$ cat entry-v7.txt   # compact mmCIF, C-alpha atoms
# COMPACT_ATOMS: atom_id res chain seq x y z
CA MET A 1 -1.31 -16.70 10.14
CA ALA A 2 0.88 -13.58 10.18
CA PRO A 3 0.59 -11.33 13.22
CA SER A 4 -1.97 -8.60 12.71
CA ASP A 5 -0.82 -5.00 12.29
CA THR A 6 -3.27 -4.22 15.07
CA ALA A 7 -1.13 -6.19 17.51
CA GLY A 8 -1.47 -4.72 20.97
CA THR A 9 -4.86 -3.20 20.21
CA SER A 10 -8.36 -4.58 20.01
CA THR A 11 -9.45 -5.55 16.52
CA ALA A 12 -13.14 -5.20 17.42
CA LEU A 13 -12.71 -1.62 18.58
CA LEU A 14 -12.05 -0.75 14.95
CA THR A 15 -15.82 -0.98 14.57
CA ASP A 16 -17.50 2.39 14.26
CA HIS A 17 -20.33 3.45 16.54
CA TYR A 18 -22.79 3.84 13.68
CA GLU A 19 -22.13 0.27 12.51
CA LEU A 20 -23.33 -1.02 15.87
CA THR A 21 -26.34 1.28 15.70
CA MET A 22 -27.31 -0.33 12.39
CA LEU A 23 -26.62 -3.80 13.78
CA ALA A 24 -28.76 -3.28 16.86
CA SER A 25 -31.63 -1.88 14.82
CA ALA A 26 -31.47 -4.71 12.28
CA LEU A 27 -31.45 -7.33 15.04
CA ALA A 28 -34.50 -5.68 16.57
CA ASP A 29 -36.58 -5.58 13.38
CA GLY A 30 -35.54 -8.98 12.00
CA THR A 31 -33.53 -7.83 8.96
CA ALA A 32 -30.10 -8.66 10.37
CA GLU A 33 -29.91 -12.08 8.73
CA ARG A 34 -30.84 -10.96 5.23
CA GLY A 35 -28.23 -12.04 2.71
CA CYS A 36 -26.32 -9.01 1.46
CA VAL A 37 -23.46 -8.01 -0.79
CA PHE A 38 -21.20 -5.09 0.11
CA GLU A 39 -18.74 -3.67 -2.38
CA VAL A 40 -15.54 -1.67 -1.94
CA PHE A 41 -14.74 0.80 -4.71
CA ALA A 42 -13.39 4.30 -5.32
CA ARG A 43 -15.64 6.78 -7.09
CA ARG A 44 -12.62 8.64 -8.41
CA LEU A 45 -8.83 8.59 -8.22
CA PRO A 46 -6.97 11.22 -6.18
CA ALA A 47 -6.28 14.42 -8.10
CA GLY A 48 -3.42 14.00 -10.54
CA ARG A 49 -3.43 10.21 -10.46
CA ARG A 50 -3.97 8.00 -13.49
CA TYR A 51 -4.20 4.64 -11.73
CA GLY A 52 -4.42 3.17 -8.26
CA VAL A 53 -2.69 0.11 -6.80
CA VAL A 54 -4.56 -2.42 -4.68
CA ALA A 55 -2.72 -3.15 -1.43
CA GLY A 56 -3.70 -4.45 1.99
CA ILE A 57 -5.80 -7.43 0.86
CA ALA A 58 -3.78 -9.93 2.87
CA ARG A 59 -4.00 -7.72 5.94
CA VAL A 60 -7.75 -7.43 5.49
CA LEU A 61 -8.14 -11.20 5.37
CA ASP A 62 -6.07 -11.63 8.54
CA ALA A 63 -8.04 -8.89 10.28
CA ILE A 64 -11.40 -10.44 9.39
CA ALA A 65 -10.26 -13.82 10.66
CA ASP A 66 -9.13 -12.21 13.94
CA PHE A 67 -12.22 -10.05 14.35
CA ARG A 68 -13.66 -10.83 17.80
CA PHE A 69 -15.33 -8.95 20.66
CA THR A 70 -13.62 -9.71 23.96
CA ASP A 71 -15.28 -9.65 27.37
CA ALA A 72 -13.58 -6.33 28.12
CA GLU A 73 -14.89 -4.76 24.94
CA LEU A 74 -18.40 -6.06 25.52
CA ALA A 75 -18.30 -4.69 29.06
CA GLN A 76 -17.26 -1.28 27.68
CA LEU A 77 -20.12 -1.30 25.18
CA GLU A 78 -22.56 -2.22 27.94
CA ALA A 79 -21.23 0.35 30.42
CA THR A 80 -21.47 3.16 27.86
CA ALA A 81 -24.89 1.99 26.63
CA VAL A 82 -23.73 1.79 23.03
CA VAL A 83 -25.87 -1.34 22.54
CA GLY A 84 -28.17 -3.46 24.66
CA GLY A 85 -28.37 -7.07 25.75
CA GLU A 86 -29.54 -8.67 22.49
CA THR A 87 -26.76 -7.04 20.50
CA LEU A 88 -24.14 -7.80 23.15
CA ASP A 89 -25.09 -11.48 23.06
CA TRP A 90 -24.81 -11.49 19.27
CA LEU A 91 -21.42 -9.78 19.33
CA ALA A 92 -20.09 -12.22 21.92
CA ASP A 93 -20.38 -15.05 19.37
CA TYR A 94 -19.29 -13.07 16.31
CA ARG A 95 -17.46 -14.91 13.57
CA PHE A 96 -17.54 -13.91 9.92
CA THR A 97 -18.92 -16.88 7.97
CA GLY A 98 -19.43 -15.27 4.57
CA ASP A 99 -17.47 -15.12 1.32
CA VAL A 100 -15.09 -12.47 0.01
CA ASP A 101 -13.85 -11.98 -3.55
CA GLY A 102 -11.70 -9.20 -4.90
CA TYR A 103 -8.73 -7.88 -6.79
CA PRO A 104 -5.44 -9.46 -5.74
CA GLU A 105 -2.72 -7.26 -4.30
CA GLY A 106 -0.61 -5.52 -6.91
CA GLU A 107 -3.55 -5.18 -9.30
CA LEU A 108 -4.37 -1.77 -10.71
CA TYR A 109 -7.76 -0.20 -10.06
CA PHE A 110 -9.71 2.66 -11.58
CA PRO A 111 -12.88 4.62 -10.74
CA GLY A 112 -15.70 2.16 -10.09
CA SER A 113 -13.51 -0.96 -9.95
CA PRO A 114 -15.18 -3.48 -7.58
CA ILE A 115 -12.03 -3.97 -5.53
CA LEU A 116 -13.66 -6.17 -2.88
CA THR A 117 -17.06 -7.84 -2.53
CA VAL A 118 -18.24 -9.12 0.83
CA ARG A 119 -21.14 -11.58 0.91
CA GLY A 120 -22.87 -12.59 4.10
CA SER A 121 -25.71 -11.60 6.35
CA PHE A 122 -26.23 -7.88 6.83
CA ALA A 123 -25.24 -8.21 10.47
CA GLU A 124 -21.93 -9.98 10.02
CA SER A 125 -20.93 -7.84 7.03
CA VAL A 126 -21.87 -4.36 8.20
CA VAL A 127 -19.61 -4.43 11.26
CA LEU A 128 -16.57 -4.92 9.00
CA GLU A 129 -16.86 -1.62 7.16
CA THR A 130 -14.42 0.48 9.18
CA LEU A 131 -11.98 -2.40 9.55
CA VAL A 132 -11.86 -3.08 5.81
CA LEU A 133 -11.72 0.55 4.71
CA SER A 134 -9.10 1.61 7.24
CA ILE A 135 -6.70 -0.99 5.86
CA LEU A 136 -7.43 -0.70 2.16
CA ASN A 137 -7.54 3.10 2.10
CA HIS A 138 -4.19 3.39 3.87
CA ASP A 139 -2.29 0.61 2.14
CA SER A 140 -3.58 1.38 -1.35
CA ALA A 141 -2.74 5.08 -0.94
CA VAL A 142 0.83 4.23 0.04
CA ALA A 143 1.22 1.61 -2.71
CA SER A 144 -0.19 3.97 -5.36
CA ALA A 145 2.33 6.66 -4.40
CA ALA A 146 5.17 4.15 -4.13
CA ALA A 147 4.44 2.75 -7.60
CA ARG A 148 4.77 6.24 -9.09
CA MET A 149 8.09 6.66 -7.29
CA SER A 150 9.35 3.27 -8.45
CA SER A 151 8.44 4.10 -12.03
CA ALA A 152 10.20 7.46 -11.76
CA ALA A 153 13.32 5.76 -10.36
CA HIS A 154 13.55 3.74 -13.59
CA GLY A 155 15.14 0.67 -12.06
CA ARG A 156 17.23 2.36 -9.39
CA PRO A 157 16.45 0.97 -5.92
CA ILE A 158 14.45 2.92 -3.35
CA ILE A 159 14.72 2.43 0.42
CA GLU A 160 11.54 3.00 2.44
CA MET A 161 12.50 4.97 5.53
CA GLY A 162 9.31 6.69 6.72
CA GLY A 163 8.79 4.98 10.06
CA ARG A 164 9.37 8.22 11.99
CA ARG A 165 6.75 10.08 9.99
CA THR A 166 3.61 8.09 10.75
CA HIS A 167 1.84 6.03 13.42
CA GLU A 168 3.90 3.12 14.71
CA HIS A 169 1.50 0.47 13.36
CA ALA A 170 0.92 2.36 10.12
CA ALA A 171 4.69 2.43 9.60
CA VAL A 172 4.83 -1.35 9.35
CA ALA A 173 1.89 -1.46 6.96
CA ALA A 174 3.38 1.35 4.87
CA ALA A 175 6.68 -0.49 4.54
CA ARG A 176 4.80 -3.54 3.28
CA ALA A 177 2.77 -1.51 0.80
CA ALA A 178 5.86 0.28 -0.51
CA TYR A 179 7.68 -3.03 -0.99
CA LEU A 180 4.66 -4.42 -2.84
CA ALA A 181 4.84 -1.39 -5.14
CA GLY A 182 8.49 -1.86 -6.05
CA PHE A 183 10.64 -0.41 -3.26
CA ALA A 184 13.73 -2.55 -2.78
CA THR A 185 14.15 -2.45 0.99
CA THR A 186 12.87 -0.87 4.21
CA SER A 187 14.57 0.48 7.31
CA ASN A 188 11.66 -0.83 9.42
CA LEU A 189 12.86 -3.93 11.24
CA GLU A 190 9.37 -5.02 12.29
CA ALA A 191 8.28 -5.03 8.66
CA GLY A 192 11.31 -7.17 7.94
CA ARG A 193 10.41 -9.61 10.69
CA ARG A 194 6.73 -9.75 9.91
CA TYR A 195 6.77 -9.84 6.13
CA GLY A 196 10.27 -10.94 5.15
CA ILE A 197 11.10 -7.60 3.53
CA PRO A 198 14.85 -6.95 3.11
CA THR A 199 16.04 -4.29 5.56
CA ARG A 200 18.76 -1.69 5.05
CA GLY A 201 19.97 1.34 6.94
CA THR A 202 22.92 3.56 7.68
CA VAL A 203 23.52 6.12 10.42
CA ALA A 204 21.90 9.43 11.31
CA HIS A 205 23.63 12.74 11.91
CA ALA A 206 23.46 12.06 15.64
CA PHE A 207 26.10 9.36 15.21
CA MET A 208 28.36 11.82 13.42
CA LEU A 209 27.87 14.46 16.11
CA LEU A 210 28.54 11.92 18.86
CA HIS A 211 32.18 11.66 17.79
CA ASP A 212 34.82 14.34 18.19
CA THR A 213 35.60 14.28 14.47
CA GLU A 214 33.95 13.10 11.27
CA GLU A 215 36.89 10.78 10.68
CA ALA A 216 36.40 9.15 14.08
CA ALA A 217 32.74 8.49 13.28
CA PHE A 218 33.56 7.02 9.87
CA ARG A 219 36.29 4.85 11.34
CA ALA A 220 33.99 3.48 14.04
CA GLN A 221 31.38 2.57 11.42
CA VAL A 222 33.86 1.03 9.00
CA ASP A 223 35.61 -0.94 11.75
CA LYS A 224 32.27 -2.48 12.76
CA MET A 225 30.39 -2.74 9.46
CA GLY A 226 33.24 -3.09 6.94
CA PRO A 227 34.24 -0.77 4.09
CA ASP A 228 31.14 -1.70 2.04
CA THR A 229 28.97 0.35 4.39
CA THR A 230 27.25 3.64 3.49
CA LEU A 231 28.83 6.73 5.03
CA LEU A 232 26.81 9.90 5.68
CA VAL A 233 28.95 12.70 4.24
CA ASP A 234 26.86 15.87 4.55
CA THR A 235 26.98 16.57 8.29
CA TYR A 236 29.60 19.30 7.86
CA ASP A 237 31.09 19.74 4.39
CA ILE A 238 30.35 17.23 1.63
CA THR A 239 33.62 17.64 -0.24
CA ALA A 240 35.67 17.17 2.92
CA GLY A 241 33.35 14.36 4.01
CA ILE A 242 33.87 12.38 0.81
CA GLU A 243 37.63 12.83 1.02
CA THR A 244 37.60 11.57 4.59
CA ALA A 245 35.28 8.68 3.73
CA VAL A 246 37.60 7.38 1.01
CA ARG A 247 40.65 7.83 3.22
CA VAL A 248 39.00 5.76 5.97
CA ALA A 249 37.24 3.09 3.90
CA GLY A 250 39.58 3.01 0.94
CA ARG A 251 38.62 2.36 -2.63
CA GLU A 252 36.28 -0.39 -1.43
CA LEU A 253 33.91 2.21 0.04
CA GLY A 254 30.39 0.95 -0.50
CA ALA A 255 28.43 4.17 -0.74
CA VAL A 256 28.04 7.73 0.41
CA ARG A 257 24.71 9.25 1.40
CA ILE A 258 23.69 12.86 0.81
CA ASP A 259 20.68 13.90 2.88
CA SER A 260 20.39 17.65 2.29
CA GLY A 261 20.87 20.44 -0.17
CA ASP A 262 20.33 20.48 -3.93
CA VAL A 263 21.08 16.79 -4.32
CA GLY A 264 21.30 16.81 -8.14
CA PRO A 265 24.38 19.04 -8.48
CA LEU A 266 25.78 17.60 -5.26
CA ALA A 267 25.53 14.07 -6.68
CA ARG A 268 27.37 15.14 -9.84
CA LYS A 269 30.19 16.68 -7.84
CA ALA A 270 30.29 13.65 -5.53
CA ARG A 271 30.62 11.29 -8.50
CA GLU A 272 33.48 13.28 -9.95
CA GLN A 273 35.25 13.39 -6.61
CA LEU A 274 34.77 9.69 -5.85
CA ASP A 275 36.08 8.74 -9.28
CA SER A 276 39.09 11.03 -8.90
CA LEU A 277 39.91 9.40 -5.56
CA GLY A 278 39.74 5.92 -7.04
CA ALA A 279 36.42 4.92 -5.46
CA LYS A 280 34.75 4.38 -8.81
CA ASP A 281 32.48 1.61 -7.51
CA ALA A 282 31.20 3.62 -4.56
CA ARG A 283 27.48 4.27 -4.91
CA ILE A 284 25.66 7.53 -4.25
CA VAL A 285 22.48 7.41 -2.17
CA VAL A 286 20.34 10.53 -1.84
CA SER A 287 17.51 11.24 0.58
CA GLY A 288 15.73 14.21 2.13
CA ASP A 289 12.08 14.99 1.34
CA LEU A 290 12.04 13.14 -1.98
CA ASP A 291 8.83 12.33 -3.81
CA GLU A 292 8.08 10.99 -7.30
CA HIS A 293 8.59 14.37 -8.93
CA ALA A 294 11.96 14.91 -7.24
CA ILE A 295 13.04 11.40 -8.19
CA ALA A 296 12.03 11.95 -11.81
CA ALA A 297 14.02 15.20 -11.86
CA LEU A 298 17.11 13.28 -10.71
CA ARG A 299 16.92 10.64 -13.45
CA ALA A 300 19.83 12.16 -15.41
CA GLU A 301 22.02 12.54 -12.31
CA PRO A 302 24.59 9.96 -11.14
CA VAL A 303 22.35 8.73 -8.32
CA ASP A 304 22.42 5.00 -7.53
CA ALA A 305 19.64 4.74 -4.94
CA TYR A 306 17.04 6.85 -3.17
CA GLY A 307 15.80 7.00 0.41
CA VAL A 308 12.16 8.06 0.72
CA GLY A 309 10.30 8.69 3.95
CA THR A 310 7.53 11.22 4.54
CA SER A 311 6.11 11.33 1.03
CA VAL A 312 5.58 7.60 0.69
CA VAL A 313 4.01 6.93 4.09
CA THR A 314 1.61 9.83 3.57
CA GLY A 315 0.62 8.81 0.04
CA SER A 316 2.58 11.69 -1.49
CA GLY A 317 -0.26 14.15 -1.05
CA ALA A 318 -3.08 11.59 -1.24
CA PRO A 319 -3.13 9.92 2.20
CA THR A 320 -6.32 7.98 1.46
CA ALA A 321 -7.44 6.08 -1.60
CA GLY A 322 -11.00 7.36 -1.17
CA MET A 323 -12.55 3.89 -1.14
CA VAL A 324 -16.08 3.33 0.14
CA TYR A 325 -17.97 0.24 1.36
CA LYS A 326 -21.49 0.18 -0.03
CA LEU A 327 -24.44 -2.19 0.11
CA VAL A 328 -25.26 -3.23 -3.48
CA GLU A 329 -27.53 -6.27 -3.08
CA VAL A 330 -30.12 -7.49 -0.54
CA ALA A 331 -31.58 -11.00 -0.79
CA GLY A 332 -30.59 -11.19 -4.45
CA ARG A 333 -32.14 -7.80 -5.28
CA PRO A 334 -29.84 -5.00 -6.54
CA VAL A 335 -29.92 -1.84 -4.42
CA ALA A 336 -28.20 1.47 -5.11
CA LYS A 337 -27.65 4.86 -3.55
CA ARG A 338 -28.90 7.75 -5.72
CA SER A 339 -27.47 10.74 -3.84
CA GLU A 340 -25.97 13.38 -6.12
CA ASP A 341 -22.19 12.90 -6.60
CA LYS A 342 -22.33 9.78 -4.40
CA ALA A 343 -24.37 7.39 -6.50
CA SER A 344 -23.59 3.68 -6.51
CA ARG A 345 -24.47 0.93 -8.98
CA GLY A 346 -26.58 -1.91 -7.68
CA GLY A 347 -25.94 -5.63 -7.90
CA ARG A 348 -23.02 -7.91 -7.18
CA LYS A 349 -20.28 -7.16 -9.68
CA SER A 350 -16.99 -8.42 -11.00
CA ALA A 351 -14.60 -7.01 -13.60
CA LEU A 352 -12.34 -7.89 -16.48
CA ARG A 353 -9.65 -5.98 -18.29
CA ARG A 354 -9.48 -5.97 -22.06
CA HIS A 355 -6.12 -5.85 -23.83
CA LYS A 356 -4.76 -5.49 -27.30
CA GLN A 357 -2.96 -8.46 -28.82
CA THR A 358 0.26 -6.62 -27.90
CA GLY A 359 -0.73 -6.69 -24.21
CA THR A 360 -1.63 -3.00 -23.86
CA ALA A 361 -4.69 -2.50 -21.67
CA LEU A 362 -7.72 -0.99 -23.41
CA GLU A 363 -10.49 -0.77 -20.81
CA GLU A 364 -11.83 -2.11 -17.54
CA VAL A 365 -15.26 -3.69 -17.87
CA VAL A 366 -17.35 -3.86 -14.69
CA TYR A 367 -20.33 -6.20 -14.96
CA ARG A 368 -22.98 -7.81 -12.84
CA THR A 369 -22.03 -11.39 -12.06
CA ALA A 370 -25.54 -12.48 -13.04
CA SER A 371 -24.84 -11.50 -16.67
CA PRO A 372 -21.13 -11.78 -17.46
CA PRO A 373 -19.89 -10.59 -20.87
CA GLU A 374 -18.24 -12.92 -23.33
CA LEU A 375 -14.51 -13.13 -22.75
CA GLY A 376 -12.31 -12.09 -25.64
CA PRO A 377 -8.97 -13.77 -26.40
CA TYR A 378 -6.98 -11.09 -24.57
CA ASP A 379 -9.37 -10.39 -21.72
CA ARG A 380 -8.39 -11.08 -18.13
CA GLU A 381 -10.74 -11.61 -15.19
CA LEU A 382 -9.72 -9.51 -12.19
CA HIS A 383 -11.60 -11.03 -9.24
CA ILE A 384 -10.23 -14.01 -7.36
CA PRO A 385 -11.80 -15.88 -4.41
CA LEU A 386 -10.33 -14.78 -1.07
CA LEU A 387 -12.54 -16.18 1.73
CA ARG A 388 -15.07 -18.99 1.66
CA ALA A 389 -17.31 -19.55 4.67
CA GLY A 390 -15.07 -17.13 6.54
CA GLN A 391 -11.87 -19.06 5.84
CA PRO A 392 -9.03 -18.10 3.49
CA VAL A 393 -8.96 -20.09 0.28
CA GLU A 394 -5.90 -22.19 -0.47
CA ASP A 395 -2.88 -20.84 -2.34
CA LEU A 396 -3.62 -17.14 -1.95
CA PRO A 397 -1.11 -14.88 -3.73
CA THR A 398 1.98 -13.97 -1.74
CA LEU A 399 3.57 -10.55 -1.27
CA ASP A 400 6.14 -11.39 -3.96
CA ASP A 401 3.31 -12.49 -6.28
CA GLY A 402 1.82 -9.03 -5.81
CA ARG A 403 5.12 -7.36 -6.69
CA GLN A 404 5.34 -9.32 -9.91
CA ARG A 405 1.68 -8.69 -10.74
CA LEU A 406 2.13 -4.93 -10.40
CA ARG A 407 5.20 -4.95 -12.63
CA ARG A 408 3.23 -6.71 -15.36
CA ALA A 409 0.23 -4.43 -14.91
CA LEU A 410 2.28 -1.25 -15.23
CA VAL A 411 3.91 -2.55 -18.40
CA SER A 412 0.42 -3.10 -19.82
CA LEU A 413 -0.63 0.54 -19.39
CA PRO A 414 -0.62 2.92 -22.36
CA TRP A 415 2.46 5.09 -22.01
CA GLU A 416 0.34 8.12 -21.16
CA GLY A 417 -0.85 6.27 -18.07
CA LEU A 418 2.60 6.42 -16.50
CA LYS A 419 2.90 10.20 -16.70
CA LEU A 420 3.27 11.97 -13.37
CA SER A 421 1.24 14.92 -14.59
CA GLY A 422 -2.49 15.07 -13.99
CA GLY A 423 -4.85 13.55 -16.53
CA ASP A 424 -7.61 11.07 -17.12
CA PRO A 425 -7.38 7.50 -15.74
CA ALA A 426 -4.91 5.42 -17.73
CA ILE A 427 -7.70 3.24 -19.10
CA PRO A 428 -11.47 3.91 -19.09
CA THR A 429 -13.96 2.00 -16.96
CA THR A 430 -17.15 0.85 -18.65
CA PHE A 431 -20.18 -0.72 -16.99
CA SER A 432 -22.26 -3.48 -18.54

$ encode --input "entry-v7.txt" --output "structure tokens"
Amino acid sequence: MAPSDTAGTSTALLTDHYELTMLASALADGTAERGCVFEVFARRLPAGRRYGVVAGIARVLDAIADFRFTDAELAQLEATAVVGGETLDWLADYRFTGDVDGYPEGELYFPGSPILTVRGSFAESVVLETLVLSILNHDSAVASAAARMSSAAHGRPIIEMGGRRTHEHAAVAAARAAYLAGFATTSNLEAGRRYGIPTRGTVAHAFMLLHDTEEAAFRAQVDKMGPDTTLLVDTYDITAGIETAVRVAGRELGAVRIDSGDVGPLARKAREQLDSLGAKDARIVVSGDLDEHAIAALRAEPVDAYGVGTSVVTGSGAPTAGMVYKLVEVAGRPVAKRSEDKASRGGRKSALRRHKQTGTALEEVVYRTASPPELGPYDRELHIPLLRAGQPVEDLPTLDDGRQRLRRALVSLPWEGLKLSGGDPAIPTTFS
């Protein structure tokens, strides 16, 4: 089992106070062991988005398997009178023994999509709410933004480099989610170790300023890393920096990086200069506050790769996917919340996606599992089994499987669904 992204912290402390209040009350009145179904879904997509990307499923499964209350945590709960003796005894033996089904990573989701269903007793399921939502809301927000950036890049590679712009544990998760969504590499070495993601990186301006001259800095880097390295040319003057870079590395110079200014015109000038100096194979990497809109605006420029940091790890303006975890069934009986603007649909559900013969997606059909619709020749079921009796099922999809799944899913969208401008969800959701 891969190390949890909560390494160094207590998994159980991700439980929210109100979850333990519900648990204690249910244990007291005898309803704690009622069989229940909880469902994770988003009522709507973030403003301006036409699809969402499911990410974090593998991390959720690891986190559920690791979910335990240690003696220290139980002592803290007792000392602060959060819960009493009966609840503490129950928590001391906690293991999730239920079943989980859901969308695999890399799948698209839309408003109302039943992204995850958790089946078990009320007690063992309710304490997972914060744990599940904290992972899925973060990872899916990052993956949804990253997918838009990858589409805008139109095949040009993107380096994830946002580790300095978010929490240290979130940085690792964000790198994974961005890679799932099509980023080529990450600068985060822990993400590389933990998930096998290719890592790349160059130098910062501090390295340039460390040396007495720009040439000395370039020569130190080339002597150690070889001429195929990427040289940062905008510390002082880009034109002079490129000239020095080619003089030091020769025509075998791997790439130059531009990290500031109006990168479109600067990239054009850099391409002309590199070609004139004989470094025609040298690539141009641009970075500096890029998001999907900036990347799309650079599509016609001679840019070979992008470095993206802040915008991807913060969901490019949508830092949460807005998913909720709601009780939809108790002892086989559908239950639903009726609050205005926050209504839910009762009953355990699954979903399928209908397609044209050409492969273009038409609609997402959400249905109660008790009455599934007839499958058409081009329909595809979306739920897969994830946990059975608390244990992961065999042959769960890998991270690379998720990357491939997302590529296929994006190709299946109507072309309007890939627009970066605001609009309706790419395909409608219907409920049967």

$ residues_around --input "entry-v7.txt" --residues "Arg368 in chain A" --least-positions-apart "2" --cutoff "7 Å" --atoms "only C-alpha atoms" --output "MDAnalysis selection string"
chainID A and resid 347:350 370:372

$ closest_residue --input "entry-v7.txt" --among "A:Ala220, A:Val393, A:Met149, A:Ala177" --to "Leu298 in chain A" --atoms "all atoms listed in the file"
A:Met149

$ closest_residue --input "entry-v7.txt" --among "A:Arg176, A:Arg380, A:His211, A:Lys342" --to "Gly402 in chain A" --atoms "only C-alpha atoms"
A:Arg176

$ closest_residue --input "entry-v7.txt" --among "A:Gly278, A:Ala300, A:Thr230, A:Ala184" --to "Pro265 in chain A" --atoms "only C-alpha atoms"
A:Ala300

$ closest_residue --input "entry-v7.txt" --among "A:Lys419, A:Gly309, A:Leu133, A:Val82" --to "Ser187 in chain A" --atoms "only C-alpha atoms"
A:Gly309

$ residues_near_point --input "entry-v7.txt" --point "(1.3, 7.5, -7.1)" --cutoff "10 Å" --atoms "all atoms listed in the file" --output "PyMOL selection string"
chain A and resi 46+48-53+140-151+181+291-292+312+315-318+418+420

$ build_atoms --input "entry-v7.txt" --residues "range 353-359 of chain A" --atoms "all heavy atoms" --output "mmCIF file, keeping the file's coordinate frame"
data_model
loop_
_atom_site.group_PDB
_atom_site.id
_atom_site.type_symbol
_atom_site.label_atom_id
_atom_site.label_comp_id
_atom_site.auth_asym_id
_atom_site.auth_seq_id
_atom_site.Cartn_x
_atom_site.Cartn_y
_atom_site.Cartn_z
ATOM 1 N N ARG A 353 -10.419 -7.002 -17.590
ATOM 2 C CA ARG A 353 -9.650 -5.980 -18.290
ATOM 3 C C ARG A 353 -9.376 -6.479 -19.709
ATOM 4 O O ARG A 353 -8.889 -7.592 -19.906
ATOM 5 C CB ARG A 353 -8.342 -5.693 -17.556
ATOM 6 C CG ARG A 353 -7.619 -4.439 -18.059
ATOM 7 C CD ARG A 353 -6.563 -3.994 -17.066
ATOM 8 N NE ARG A 353 -7.169 -3.636 -15.790
ATOM 9 C CZ ARG A 353 -6.556 -3.739 -14.624
ATOM 10 N NH1 ARG A 353 -5.317 -4.213 -14.553
ATOM 11 N NH2 ARG A 353 -7.170 -3.385 -13.510
ATOM 12 N N ARG A 354 -9.711 -5.635 -20.660
ATOM 13 C CA ARG A 354 -9.480 -5.970 -22.060
ATOM 14 C C ARG A 354 -8.124 -5.441 -22.504
ATOM 15 O O ARG A 354 -7.699 -4.350 -22.090
ATOM 16 C CB ARG A 354 -10.578 -5.376 -22.937
ATOM 17 C CG ARG A 354 -11.978 -5.898 -22.624
ATOM 18 C CD ARG A 354 -12.934 -5.595 -23.767
ATOM 19 N NE ARG A 354 -14.317 -5.899 -23.412
ATOM 20 C CZ ARG A 354 -14.864 -7.110 -23.444
ATOM 21 N NH1 ARG A 354 -14.119 -8.147 -23.792
ATOM 22 N NH2 ARG A 354 -16.130 -7.294 -23.110
ATOM 23 N N HIS A 355 -7.453 -6.205 -23.343
ATOM 24 C CA HIS A 355 -6.120 -5.850 -23.830
ATOM 25 C C HIS A 355 -6.045 -5.997 -25.340
ATOM 26 O O HIS A 355 -6.782 -6.776 -25.945
ATOM 27 C CB HIS A 355 -5.049 -6.753 -23.201
ATOM 28 C CG HIS A 355 -4.972 -6.686 -21.721
ATOM 29 N ND1 HIS A 355 -5.843 -7.361 -20.897
ATOM 30 C CD2 HIS A 355 -4.114 -6.005 -20.898
ATOM 31 C CE1 HIS A 355 -5.531 -7.126 -19.626
ATOM 32 N NE2 HIS A 355 -4.492 -6.301 -19.606
ATOM 33 N N LYS A 356 -5.133 -5.260 -25.919
ATOM 34 C CA LYS A 356 -4.760 -5.490 -27.300
ATOM 35 C C LYS A 356 -3.967 -6.791 -27.402
ATOM 36 O O LYS A 356 -3.482 -7.323 -26.395
ATOM 37 C CB LYS A 356 -3.904 -4.345 -27.833
ATOM 38 C CG LYS A 356 -4.576 -3.002 -27.912
ATOM 39 C CD LYS A 356 -3.592 -1.961 -28.455
ATOM 40 C CE LYS A 356 -4.218 -0.586 -28.549
ATOM 41 N NZ LYS A 356 -3.243 0.428 -29.060
ATOM 42 N N GLN A 357 -3.781 -7.272 -28.613
ATOM 43 C CA GLN A 357 -2.960 -8.460 -28.820
ATOM 44 C C GLN A 357 -1.536 -8.224 -28.323
ATOM 45 O O GLN A 357 -0.852 -9.139 -27.855
ATOM 46 C CB GLN A 357 -2.947 -8.847 -30.294
ATOM 47 C CG GLN A 357 -2.213 -10.155 -30.591
ATOM 48 C CD GLN A 357 -2.314 -10.546 -32.047
ATOM 49 O OE1 GLN A 357 -2.941 -9.857 -32.846
ATOM 50 N NE2 GLN A 357 -1.702 -11.661 -32.415
ATOM 51 N N THR A 358 -1.091 -6.964 -28.358
ATOM 52 C CA THR A 358 0.260 -6.620 -27.900
ATOM 53 C C THR A 358 0.388 -6.623 -26.380
ATOM 54 O O THR A 358 1.492 -6.524 -25.851
ATOM 55 C CB THR A 358 0.646 -5.226 -28.414
ATOM 56 O OG1 THR A 358 -0.334 -4.270 -27.939
ATOM 57 C CG2 THR A 358 0.682 -5.203 -29.934
ATOM 58 N N GLY A 359 -0.751 -6.698 -25.661
ATOM 59 C CA GLY A 359 -0.730 -6.690 -24.210
ATOM 60 C C GLY A 359 -1.096 -5.360 -23.589
ATOM 61 O O GLY A 359 -1.242 -5.259 -22.363
#
